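J.: One structure follows; several queries about it will come next.
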Amino acid sequence: MKSFLFLFFLNLGSPCLWGQVEIGGTVVDQVTNSPIPFASILADDGQHGTVSNEKGEFTLSVAGMPVELLLSHISYKTSKFRIDSIQTGFVVVMEQAPVFLPEVSVDGNAAYKMVEKTFDRALAEKTVFHYGRAFYRQTSFMNQTPTEILEGFFDTKFNNNGVEASKITEGRFAKREIKGSLNFLNFSIFAIGAGVYQERPKPILLPLSHEGLHAYDFEILNILMEGDQEIVEISCQPHVGLRKPAFEGKIFVDRNREQIMKLSGIVRLGSQGFDLTRDRKPIPYHDAILSLEVVFTNPSADRYQLSHIKADLQLLYNIGSEPYTAKITSLYTLFNYATALNDVHFKKIRIKTNDLKTIQSAPYNPEFWKDNPIVKRTPLEDDIVRSFESDGAFGNYIDH
């Protein structure tokens, strides 16, 4: 059985996995003590970084002690935390950034002008590239039961729009054959291929685009003050009656640098945006919703770098008269930054990229994955991984 999700989307375009020591902790809110998910954590060497999970937990490998961690999050003040000895389980507190609603918000054109300037600046600097190493995890569920898990380590070339190109260095894939389940084997273009702006028209509309500038209502919601930064939170609502699926949500812009720092929202695909097939036959689906988050971090005043891309898709589909629910979750995280990598072997992501073939092109070494600190995420994800491992499901999977 072969089934593929053919997607039409946005910006189609041997790792050193850990240092000598492993540290880990939890990031929490100073006032509420609640966990802060998806905070960016960067070691003071400027190379080793990670992202906290949904419970605020993180694990990071560094070259040695002592180390100073730089923590950043759109809604919080950037903070530093020094560690003098190897330890795990420590708590890092972050303070919420002050929020203001300045007079500029009453200008109906202020938000539009800011988005326009940010888009123009993005196009002007699109050829400025950075390099790093990333970990990607994609998990598929059918009626809440995990059916697939795909993981890979990638050398990555990225710019101010996200991932430009990548090269897999390690990978693994596992699947459980369950009645009604499908294979989502080119979903990576939603995550690895997702961007924050569009230079040319695409089947799914983004606000930072020539078309989007005239198809959205923009509104300044808040301004978050972080040192000399003014992070402007802008609501992006597509006009009623658009004939293509469109992003709706928020963007966060560094006003002084005219740099987008975060895009977060959804695309209501409904029953369009991709072709869902099984055994080369179309499968009807409906109520498809894509959730997308792309985040950049600024470890220094003169550069921004990609932190992570999170893309989730949920939909309802039918096989015959039997209804099913599918959910695909994915997270692409930069954990190591490099001044340069050889990009001759990098490949851009294409619409018809087959993720399984990509995984199969990389070596599979069980010892590489065993107790790998970068692979650790949430307890739920760890349980899913262990369940596949106990079944012996990982390896050179061959789809029949």
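By order of appearance in the structure tokens: chains A, B, ..., then residues from 1 within every chain, and ligands from 1 in the order shown.
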Per DSSP on the backbone, filter segment 87-311 of chain A down to the residues in helix (DSSP H, G or I) and report them as a list of chain:residue names.
T.: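 Helix (DSSP H, G or I) members of segment 87-311 of chain A, listed: A:Glu103, A:Val104, A:Ser105, A:Val106, A:Ala110, A:Ala111, A:Tyr112, A:Lys113, A:Met114, A:Val115, A:Glu116, A:Lys117, A:Thr118, A:Phe119, A:Asp120, A:Arg121, A:Ala122, A:Leu123, A:Ala124, A:Ser188, A:Ile189, A:Phe190, A:Ala191, A:Gly212, A:Leu213, A:His214.
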J.: Determine, for each residue of segment 48-158 of chain A having at least one atom at most 12 Å from an atom of segment 330-343 of chain A, the closest pair of atoms and their separation in Å to one decimal, counting only C-alpha atoms; order by chain and ascending number, as a tab-separated table.
T.:
```
residue	atom	partner	partner_atom	distance
A:His48	CA	A:Asn336	CA	4.5
A:Gly49	CA	A:Phe335	CA	4.5
A:Thr50	CA	A:Phe335	CA	4.8
A:Val51	CA	A:Thr333	CA	7.0
A:Ser52	CA	A:Thr333	CA	10.1
A:Asn53	CA	A:Leu331	CA	10.1
A:Glu54	CA	A:Leu331	CA	11.5
A:Phe58	CA	A:Phe335	CA	11.3
A:Thr59	CA	A:Phe335	CA	10.4
A:Leu60	CA	A:Phe335	CA	8.4
A:Ser61	CA	A:Phe335	CA	9.2
A:Val62	CA	A:Asn336	CA	10.0
A:Ala63	CA	A:Asn336	CA	11.8
A:Phe129	CA	A:Ala340	CA	9.2
A:His130	CA	A:Thr339	CA	6.9
A:Tyr131	CA	A:Ala338	CA	5.3
A:Gly132	CA	A:Tyr337	CA	4.0
A:Arg133	CA	A:Asn336	CA	5.0
A:Ala134	CA	A:Leu334	CA	4.2
A:Phe135	CA	A:Thr333	CA	5.4
A:Tyr136	CA	A:Tyr332	CA	4.4
A:Arg137	CA	A:Ser330	CA	5.5
A:Gln138	CA	A:Ser330	CA	4.3
A:Thr139	CA	A:Ser330	CA	6.5
A:Ser140	CA	A:Ser330	CA	8.9
A:Phe141	CA	A:Ser330	CA	11.6
A:Glu148	CA	A:Ser330	CA	11.6
A:Ile149	CA	A:Ser330	CA	9.8
A:Leu150	CA	A:Ser330	CA	9.2
A:Glu151	CA	A:Ser330	CA	9.6
A:Gly152	CA	A:Tyr332	CA	9.4
A:Phe153	CA	A:Tyr332	CA	9.5
A:Phe154	CA	A:Leu334	CA	9.2
A:Asp155	CA	A:Leu341	CA	7.7
A:Thr156	CA	A:Leu341	CA	8.3
A:Lys157	CA	A:Asp343	CA	7.3
A:Phe158	CA	A:Leu334	CA	10.3
```
J.: Would you save the residues of that selection, restricted to N, CA and C atoms, as a compact mmCIF listing (two decimals), in the first residue's frame?
T.:
```
# COMPACT_ATOMS: atom_id res chain seq x y z
N HIS A 48 25.87 26.42 20.14
CA HIS A 48 24.99 25.37 20.64
C HIS A 48 23.70 25.97 21.18
N GLY A 49 22.58 25.48 20.67
CA GLY A 49 21.30 26.02 21.08
C GLY A 49 20.22 24.97 21.03
N THR A 50 19.07 25.30 21.58
CA THR A 50 17.92 24.40 21.54
C THR A 50 16.66 25.21 21.81
N VAL A 51 15.53 24.52 21.90
CA VAL A 51 14.24 25.13 22.15
C VAL A 51 13.55 24.35 23.25
N SER A 52 12.93 25.03 24.20
CA SER A 52 12.20 24.33 25.25
C SER A 52 10.95 23.68 24.67
N ASN A 53 10.55 22.56 25.26
CA ASN A 53 9.37 21.86 24.76
C ASN A 53 8.09 22.46 25.35
N GLU A 54 6.98 21.78 25.13
CA GLU A 54 5.69 22.31 25.57
C GLU A 54 5.61 22.48 27.08
N PHE A 58 14.14 21.63 28.65
CA PHE A 58 15.13 21.59 27.57
C PHE A 58 16.34 20.79 28.01
N THR A 59 17.03 20.25 27.02
CA THR A 59 18.31 19.57 27.22
C THR A 59 19.29 20.14 26.21
N LEU A 60 20.48 20.43 26.67
CA LEU A 60 21.46 21.08 25.80
C LEU A 60 22.84 20.50 26.07
N SER A 61 23.55 20.18 25.00
CA SER A 61 24.93 19.72 25.11
C SER A 61 25.87 20.87 24.78
N VAL A 62 26.87 21.07 25.64
CA VAL A 62 27.82 22.16 25.48
C VAL A 62 29.24 21.62 25.58
N ALA A 63 30.19 22.46 25.19
CA ALA A 63 31.59 22.02 25.13
C ALA A 63 32.19 21.82 26.52
N PHE A 129 22.90 34.41 3.91
CA PHE A 129 22.63 33.07 4.39
C PHE A 129 23.45 32.75 5.64
N HIS A 130 22.87 31.86 6.46
CA HIS A 130 23.54 31.34 7.64
C HIS A 130 23.46 29.82 7.59
N TYR A 131 24.24 29.19 8.44
CA TYR A 131 24.31 27.73 8.42
C TYR A 131 24.18 27.16 9.83
N GLY A 132 23.64 25.98 9.90
CA GLY A 132 23.51 25.32 11.19
C GLY A 132 23.13 23.87 11.01
N ARG A 133 22.91 23.22 12.14
CA ARG A 133 22.49 21.82 12.14
C ARG A 133 21.18 21.71 12.90
N ALA A 134 20.28 20.92 12.35
CA ALA A 134 18.92 20.88 12.87
C ALA A 134 18.45 19.45 13.08
N PHE A 135 17.46 19.33 13.97
CA PHE A 135 16.79 18.06 14.20
C PHE A 135 15.32 18.21 13.83
N TYR A 136 14.80 17.24 13.09
CA TYR A 136 13.40 17.28 12.65
C TYR A 136 12.68 16.02 13.13
N ARG A 137 11.51 16.23 13.74
CA ARG A 137 10.67 15.11 14.13
C ARG A 137 9.26 15.34 13.59
N GLN A 138 8.72 14.30 12.97
CA GLN A 138 7.35 14.33 12.45
C GLN A 138 6.62 13.08 12.94
N THR A 139 5.48 13.28 13.55
CA THR A 139 4.68 12.16 14.06
C THR A 139 3.28 12.23 13.48
N SER A 140 2.79 11.11 12.98
CA SER A 140 1.45 11.03 12.41
C SER A 140 0.54 10.23 13.32
N PHE A 141 -0.68 10.69 13.45
CA PHE A 141 -1.67 10.01 14.28
C PHE A 141 -2.91 9.73 13.45
N GLU A 148 3.01 6.77 12.56
CA GLU A 148 4.31 7.00 11.90
C GLU A 148 5.16 7.92 12.76
N ILE A 149 6.46 7.72 12.69
CA ILE A 149 7.38 8.70 13.25
C ILE A 149 8.60 8.77 12.33
N LEU A 150 8.95 9.99 11.99
CA LEU A 150 10.05 10.24 11.07
C LEU A 150 10.97 11.25 11.73
N GLU A 151 12.27 10.93 11.81
CA GLU A 151 13.22 11.81 12.47
C GLU A 151 14.48 11.93 11.62
N GLY A 152 15.08 13.10 11.65
CA GLY A 152 16.31 13.28 10.88
C GLY A 152 17.15 14.43 11.41
N PHE A 153 18.45 14.30 11.23
CA PHE A 153 19.39 15.38 11.50
C PHE A 153 19.83 15.96 10.15
N PHE A 154 19.87 17.29 10.07
CA PHE A 154 20.12 17.95 8.80
C PHE A 154 21.19 19.03 8.94
N ASP A 155 22.11 19.08 7.97
CA ASP A 155 22.88 20.30 7.76
C ASP A 155 21.94 21.28 7.07
N THR A 156 21.95 22.52 7.51
CA THR A 156 20.91 23.47 7.08
C THR A 156 21.50 24.80 6.64
N LYS A 157 21.00 25.29 5.54
CA LYS A 157 21.32 26.63 5.04
C LYS A 157 20.03 27.44 5.13
N PHE A 158 20.09 28.58 5.83
CA PHE A 158 18.86 29.34 6.03
C PHE A 158 19.11 30.84 5.86
```
J.: Out of A:Lys202, A:Lys352, A:His210, A:Lys250, which residue has the shortest atom-to-atom distance to Asp275 of chain A when counting only C-alpha atoms?
T.: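 Counting only C-alpha atoms, the residue closest to Asp275 of chain A is A:Lys352.
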J.: Show me, as a list in words, the residues that have an atom within 9 Å of Gln272 of chain A when counting only C-alpha atoms, minus same-chain residues fewer than 2 positions from it.
T.: Lys244, Pro245, Leu269, Gly270, Phe274, Asp275, Tyr285, His286 and Ala288 of chain A
J.: For the selection you just gave me, I'd like the residues written to a file as a PDB file, in the first residue's frame, keeping N, CA and C atoms.
T.:
```
ATOM      1  N   LYS A 244      -8.312  31.675  -2.374  1.00  0.00           N
ATOM      2  CA  LYS A 244      -7.282  30.707  -2.019  1.00  0.00           C
ATOM      3  C   LYS A 244      -7.130  30.679  -0.506  1.00  0.00           C
ATOM      4  N   PRO A 245      -6.657  29.567   0.040  1.00  0.00           N
ATOM      5  CA  PRO A 245      -6.417  29.522   1.487  1.00  0.00           C
ATOM      6  C   PRO A 245      -5.397  30.584   1.885  1.00  0.00           C
ATOM      7  N   LEU A 269      -7.580  25.223   5.471  1.00  0.00           N
ATOM      8  CA  LEU A 269      -7.516  24.631   4.144  1.00  0.00           C
ATOM      9  C   LEU A 269      -8.849  24.050   3.711  1.00  0.00           C
ATOM     10  N   GLY A 270      -9.643  23.601   4.674  1.00  0.00           N
ATOM     11  CA  GLY A 270     -10.934  23.002   4.325  1.00  0.00           C
ATOM     12  C   GLY A 270     -10.750  21.710   3.564  1.00  0.00           C
ATOM     13  N   PHE A 274      -4.172  20.600  -1.045  1.00  0.00           N
ATOM     14  CA  PHE A 274      -3.339  19.447  -1.352  1.00  0.00           C
ATOM     15  C   PHE A 274      -4.233  18.316  -1.852  1.00  0.00           C
ATOM     16  N   ASP A 275      -3.601  17.310  -2.454  1.00  0.00           N
ATOM     17  CA  ASP A 275      -4.317  16.118  -2.914  1.00  0.00           C
ATOM     18  C   ASP A 275      -3.954  14.968  -1.989  1.00  0.00           C
ATOM     19  N   TYR A 285     -11.374  14.573   1.792  1.00  0.00           N
ATOM     20  CA  TYR A 285     -11.092  15.055   3.142  1.00  0.00           C
ATOM     21  C   TYR A 285     -11.779  16.401   3.328  1.00  0.00           C
ATOM     22  N   HIS A 286     -11.872  16.840   4.597  1.00  0.00           N
ATOM     23  CA  HIS A 286     -12.506  18.123   4.884  1.00  0.00           C
ATOM     24  C   HIS A 286     -12.013  18.615   6.239  1.00  0.00           C
ATOM     25  N   ALA A 288      -9.662  20.554   7.040  1.00  0.00           N
ATOM     26  CA  ALA A 288      -8.203  20.545   7.215  1.00  0.00           C
ATOM     27  C   ALA A 288      -7.738  21.912   7.709  1.00  0.00           C
TER      28      ALA A 288
END
```
J.: Mind checking which residues fall within 7 Å of Gly162 of chain A, counting only C-alpha atoms, ignoring those fewer than 4 positions away in the same chain, and posting them as a PDB file with C-alpha atoms, in the first residue's frame?
T.:
```
ATOM      1  CA  PHE A 158      18.855  29.344   6.026  1.00  0.00           C
ATOM      2  CA  ALA A 194       7.708  26.910   5.370  1.00  0.00           C
ATOM      3  CA  GLY A 195       8.634  30.572   5.049  1.00  0.00           C
ATOM      4  CA  LEU A 306      16.303  30.738  12.670  1.00  0.00           C
TER       5      LEU A 306
END
```
J.: Looking at A:Thr147, A:Thr169, A:Phe247, A:Gly64, which one is nearest to Ser387 of chain A, with distances taken over only C-alpha atoms?
T.: A:Thr147
J.: Using only C-alpha atoms, determine which residues lie at most 12 Å from Arg176 of chain A, disregarding the query and same-chain residues fewer than 3 positions distant; provide the list as a ChimeraX atom specification.
T.: /A:139-142,145-149,173,179-183,384,387-389,391-394,397,399
J.: Take the residues that were just selected and, keeping N, CA and C atoms, output them as a PDB file, in the first residue's frame.
T.:
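Result file part-v1.pdb:
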```pdb
ATOM      1  N   THR A 139       5.475  13.279  13.552  1.00  0.00           N
ATOM      2  CA  THR A 139       4.684  12.161  14.062  1.00  0.00           C
ATOM      3  C   THR A 139       3.276  12.233  13.485  1.00  0.00           C
ATOM      4  N   SER A 140       2.794  11.110  12.980  1.00  0.00           N
ATOM      5  CA  SER A 140       1.454  11.035  12.410  1.00  0.00           C
ATOM      6  C   SER A 140       0.543  10.228  13.324  1.00  0.00           C
ATOM      7  N   PHE A 141      -0.683  10.688  13.451  1.00  0.00           N
ATOM      8  CA  PHE A 141      -1.668  10.012  14.284  1.00  0.00           C
ATOM      9  C   PHE A 141      -2.913   9.726  13.447  1.00  0.00           C
ATOM     10  N   MET A 142      -3.530   8.589  13.696  1.00  0.00           N
ATOM     11  CA  MET A 142      -4.828   8.259  13.117  1.00  0.00           C
ATOM     12  C   MET A 142      -5.766   7.949  14.279  1.00  0.00           C
ATOM     13  N   THR A 145      -4.062   7.574  17.572  1.00  0.00           N
ATOM     14  CA  THR A 145      -3.070   6.512  17.701  1.00  0.00           C
ATOM     15  C   THR A 145      -1.862   6.841  16.831  1.00  0.00           C
ATOM     16  N   PRO A 146      -0.642   6.865  17.398  1.00  0.00           N
ATOM     17  CA  PRO A 146       0.530   7.167  16.575  1.00  0.00           C
ATOM     18  C   PRO A 146       0.785   6.053  15.566  1.00  0.00           C
ATOM     19  N   THR A 147       0.904   6.423  14.302  1.00  0.00           N
ATOM     20  CA  THR A 147       1.096   5.432  13.240  1.00  0.00           C
ATOM     21  C   THR A 147       2.430   5.577  12.532  1.00  0.00           C
ATOM     22  N   GLU A 148       3.015   6.768  12.561  1.00  0.00           N
ATOM     23  CA  GLU A 148       4.306   6.999  11.899  1.00  0.00           C
ATOM     24  C   GLU A 148       5.158   7.921  12.758  1.00  0.00           C
ATOM     25  N   ILE A 149       6.459   7.722  12.691  1.00  0.00           N
ATOM     26  CA  ILE A 149       7.379   8.696  13.251  1.00  0.00           C
ATOM     27  C   ILE A 149       8.600   8.770  12.332  1.00  0.00           C
ATOM     28  N   PHE A 173      12.919   6.017  10.390  1.00  0.00           N
ATOM     29  CA  PHE A 173      11.485   6.070  10.125  1.00  0.00           C
ATOM     30  C   PHE A 173      10.859   4.781  10.638  1.00  0.00           C
ATOM     31  N   LYS A 179      -5.521  -0.228  10.078  1.00  0.00           N
ATOM     32  CA  LYS A 179      -6.606  -0.048   9.114  1.00  0.00           C
ATOM     33  C   LYS A 179      -7.014   1.431   9.044  1.00  0.00           C
ATOM     34  N   GLY A 180      -7.006   1.939   7.835  1.00  0.00           N
ATOM     35  CA  GLY A 180      -7.431   3.314   7.617  1.00  0.00           C
ATOM     36  C   GLY A 180      -6.316   4.344   7.677  1.00  0.00           C
ATOM     37  N   SER A 181      -5.122   3.935   8.114  1.00  0.00           N
ATOM     38  CA  SER A 181      -4.033   4.913   8.237  1.00  0.00           C
ATOM     39  C   SER A 181      -3.411   5.188   6.881  1.00  0.00           C
ATOM     40  N   LEU A 182      -2.869   6.397   6.740  1.00  0.00           N
ATOM     41  CA  LEU A 182      -2.223   6.831   5.515  1.00  0.00           C
ATOM     42  C   LEU A 182      -0.753   7.129   5.784  1.00  0.00           C
ATOM     43  N   ASN A 183      -0.006   7.258   4.718  1.00  0.00           N
ATOM     44  CA  ASN A 183       1.383   7.692   4.826  1.00  0.00           C
ATOM     45  C   ASN A 183       1.458   9.174   4.480  1.00  0.00           C
ATOM     46  N   ILE A 384       6.187   7.554  22.869  1.00  0.00           N
ATOM     47  CA  ILE A 384       5.891   7.141  21.494  1.00  0.00           C
ATOM     48  C   ILE A 384       7.121   6.543  20.843  1.00  0.00           C
ATOM     49  N   SER A 387       7.893   3.151  22.234  1.00  0.00           N
ATOM     50  CA  SER A 387       6.956   2.124  21.783  1.00  0.00           C
ATOM     51  C   SER A 387       7.328   1.630  20.389  1.00  0.00           C
ATOM     52  N   PHE A 388       7.763   2.525  19.520  1.00  0.00           N
ATOM     53  CA  PHE A 388       8.214   2.107  18.196  1.00  0.00           C
ATOM     54  C   PHE A 388       9.510   1.308  18.300  1.00  0.00           C
ATOM     55  N   GLU A 389      10.410   1.747  19.189  1.00  0.00           N
ATOM     56  CA  GLU A 389      11.683   1.040  19.358  1.00  0.00           C
ATOM     57  C   GLU A 389      11.451  -0.377  19.888  1.00  0.00           C
ATOM     58  N   ASP A 391       8.955  -2.214  19.389  1.00  0.00           N
ATOM     59  CA  ASP A 391       8.403  -3.038  18.308  1.00  0.00           C
ATOM     60  C   ASP A 391       9.441  -3.365  17.241  1.00  0.00           C
ATOM     61  N   GLY A 392      10.653  -2.782  17.367  1.00  0.00           N
ATOM     62  CA  GLY A 392      11.674  -2.971  16.336  1.00  0.00           C
ATOM     63  C   GLY A 392      11.276  -2.342  15.024  1.00  0.00           C
ATOM     64  N   ALA A 393      10.516  -1.252  15.106  1.00  0.00           N
ATOM     65  CA  ALA A 393       9.934  -0.663  13.892  1.00  0.00           C
ATOM     66  C   ALA A 393      10.899   0.240  13.139  1.00  0.00           C
ATOM     67  N   PHE A 394      11.923   0.745  13.818  1.00  0.00           N
ATOM     68  CA  PHE A 394      12.863   1.628  13.131  1.00  0.00           C
ATOM     69  C   PHE A 394      13.825   0.812  12.270  1.00  0.00           C
ATOM     70  N   TYR A 397      12.985   0.953   6.512  1.00  0.00           N
ATOM     71  CA  TYR A 397      11.572   0.643   6.237  1.00  0.00           C
ATOM     72  C   TYR A 397      11.326   0.631   4.735  1.00  0.00           C
ATOM     73  N   ASP A 399       8.238   0.415   1.986  1.00  0.00           N
ATOM     74  CA  ASP A 399       6.790   0.550   1.831  1.00  0.00           C
ATOM     75  C   ASP A 399       6.324  -0.367   0.704  1.00  0.00           C
TER      76      ASP A 399
END
```
J.: Excluding Gln237 of chain A and its own-chain neighbours fewer than 2 positions away, which residues fall within 9 Å of it when counting only C-alpha atoms? Please give them as a PyMOL selection string.
T.: chain A and resi 207+215-219+235+239-240+246-250
J.: Limited to N, CA and C atoms, could you put the picked residues into a file as a tab-separated table (two decimals), in the first residue's frame?
T.:
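The file below, result-v8.tsv, is the result:
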```
chain	number	residue	atom	x	y	z
A	207	PRO	N	0.72	37.04	4.42
A	207	PRO	CA	0.56	38.51	4.45
A	207	PRO	C	1.78	39.25	3.91
A	215	ALA	N	-4.46	42.22	0.43
A	215	ALA	CA	-5.53	41.25	0.68
A	215	ALA	C	-5.75	41.02	2.18
A	216	TYR	N	-5.09	41.84	3.02
A	216	TYR	CA	-5.18	41.66	4.46
A	216	TYR	C	-5.57	42.96	5.15
A	217	ASP	N	-6.19	42.82	6.31
A	217	ASP	CA	-6.35	43.92	7.25
A	217	ASP	C	-5.29	43.74	8.34
A	218	PHE	N	-4.46	44.77	8.53
A	218	PHE	CA	-3.39	44.73	9.53
A	218	PHE	C	-3.74	45.67	10.68
A	219	GLU	N	-3.43	45.21	11.89
A	219	GLU	CA	-3.70	46.02	13.07
A	219	GLU	C	-2.60	45.81	14.10
A	235	SER	N	-1.73	41.98	14.04
A	235	SER	CA	-2.76	41.02	13.63
A	235	SER	C	-2.89	41.05	12.11
A	239	HIS	N	-8.88	39.30	3.85
A	239	HIS	CA	-10.19	39.81	3.45
A	239	HIS	C	-11.16	38.66	3.19
A	240	VAL	N	-12.41	38.91	3.46
A	240	VAL	CA	-13.45	37.92	3.21
A	240	VAL	C	-13.59	37.71	1.70
A	246	ALA	N	-5.61	31.21	3.03
A	246	ALA	CA	-4.74	32.30	3.47
A	246	ALA	C	-4.40	32.15	4.95
A	247	PHE	N	-3.20	32.53	5.28
A	247	PHE	CA	-2.77	32.55	6.67
A	247	PHE	C	-3.57	33.59	7.45
A	248	GLU	N	-3.93	33.26	8.68
A	248	GLU	CA	-4.54	34.23	9.57
A	248	GLU	C	-3.92	34.06	10.96
A	249	GLY	N	-3.48	35.16	11.52
A	249	GLY	CA	-2.82	35.08	12.82
A	249	GLY	C	-2.06	36.35	13.11
A	250	LYS	N	-0.82	36.19	13.59
A	250	LYS	CA	-0.01	37.33	14.02
A	250	LYS	C	1.40	37.23	13.47
```
J.: Between atom CA of Asn256 of chain A and atom CA of Leu208 of chain A, what is the distance in Å, rounded to a tenth?
T.: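 Atom CA of Leu208 of chain A lies 17.5 Å from atom CA of Asn256 of chain A.
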J.: Mind checking DSSP for segment 267-342 of chain A and telling me the strand (DSSP E or B) residues as a VMD selection string?
T.: chain A and resid 267 to 270 274 to 278 281 to 282 285 to 300 303 to 319 322 to 338
J.: Would you compute the distance between atom CA of Ile231 of chain A and atom CA of Pro35 of chain A? Give it in Å to one decimal.
T.: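 These two atoms are separated by 21.9 Å.
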J.: What's the separation between atom CA of Pro201 of chain A and atom CA of Ile251 of chain A, in Å to one decimal place?
T.: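 Interatomic distance here is 19.3 Å.
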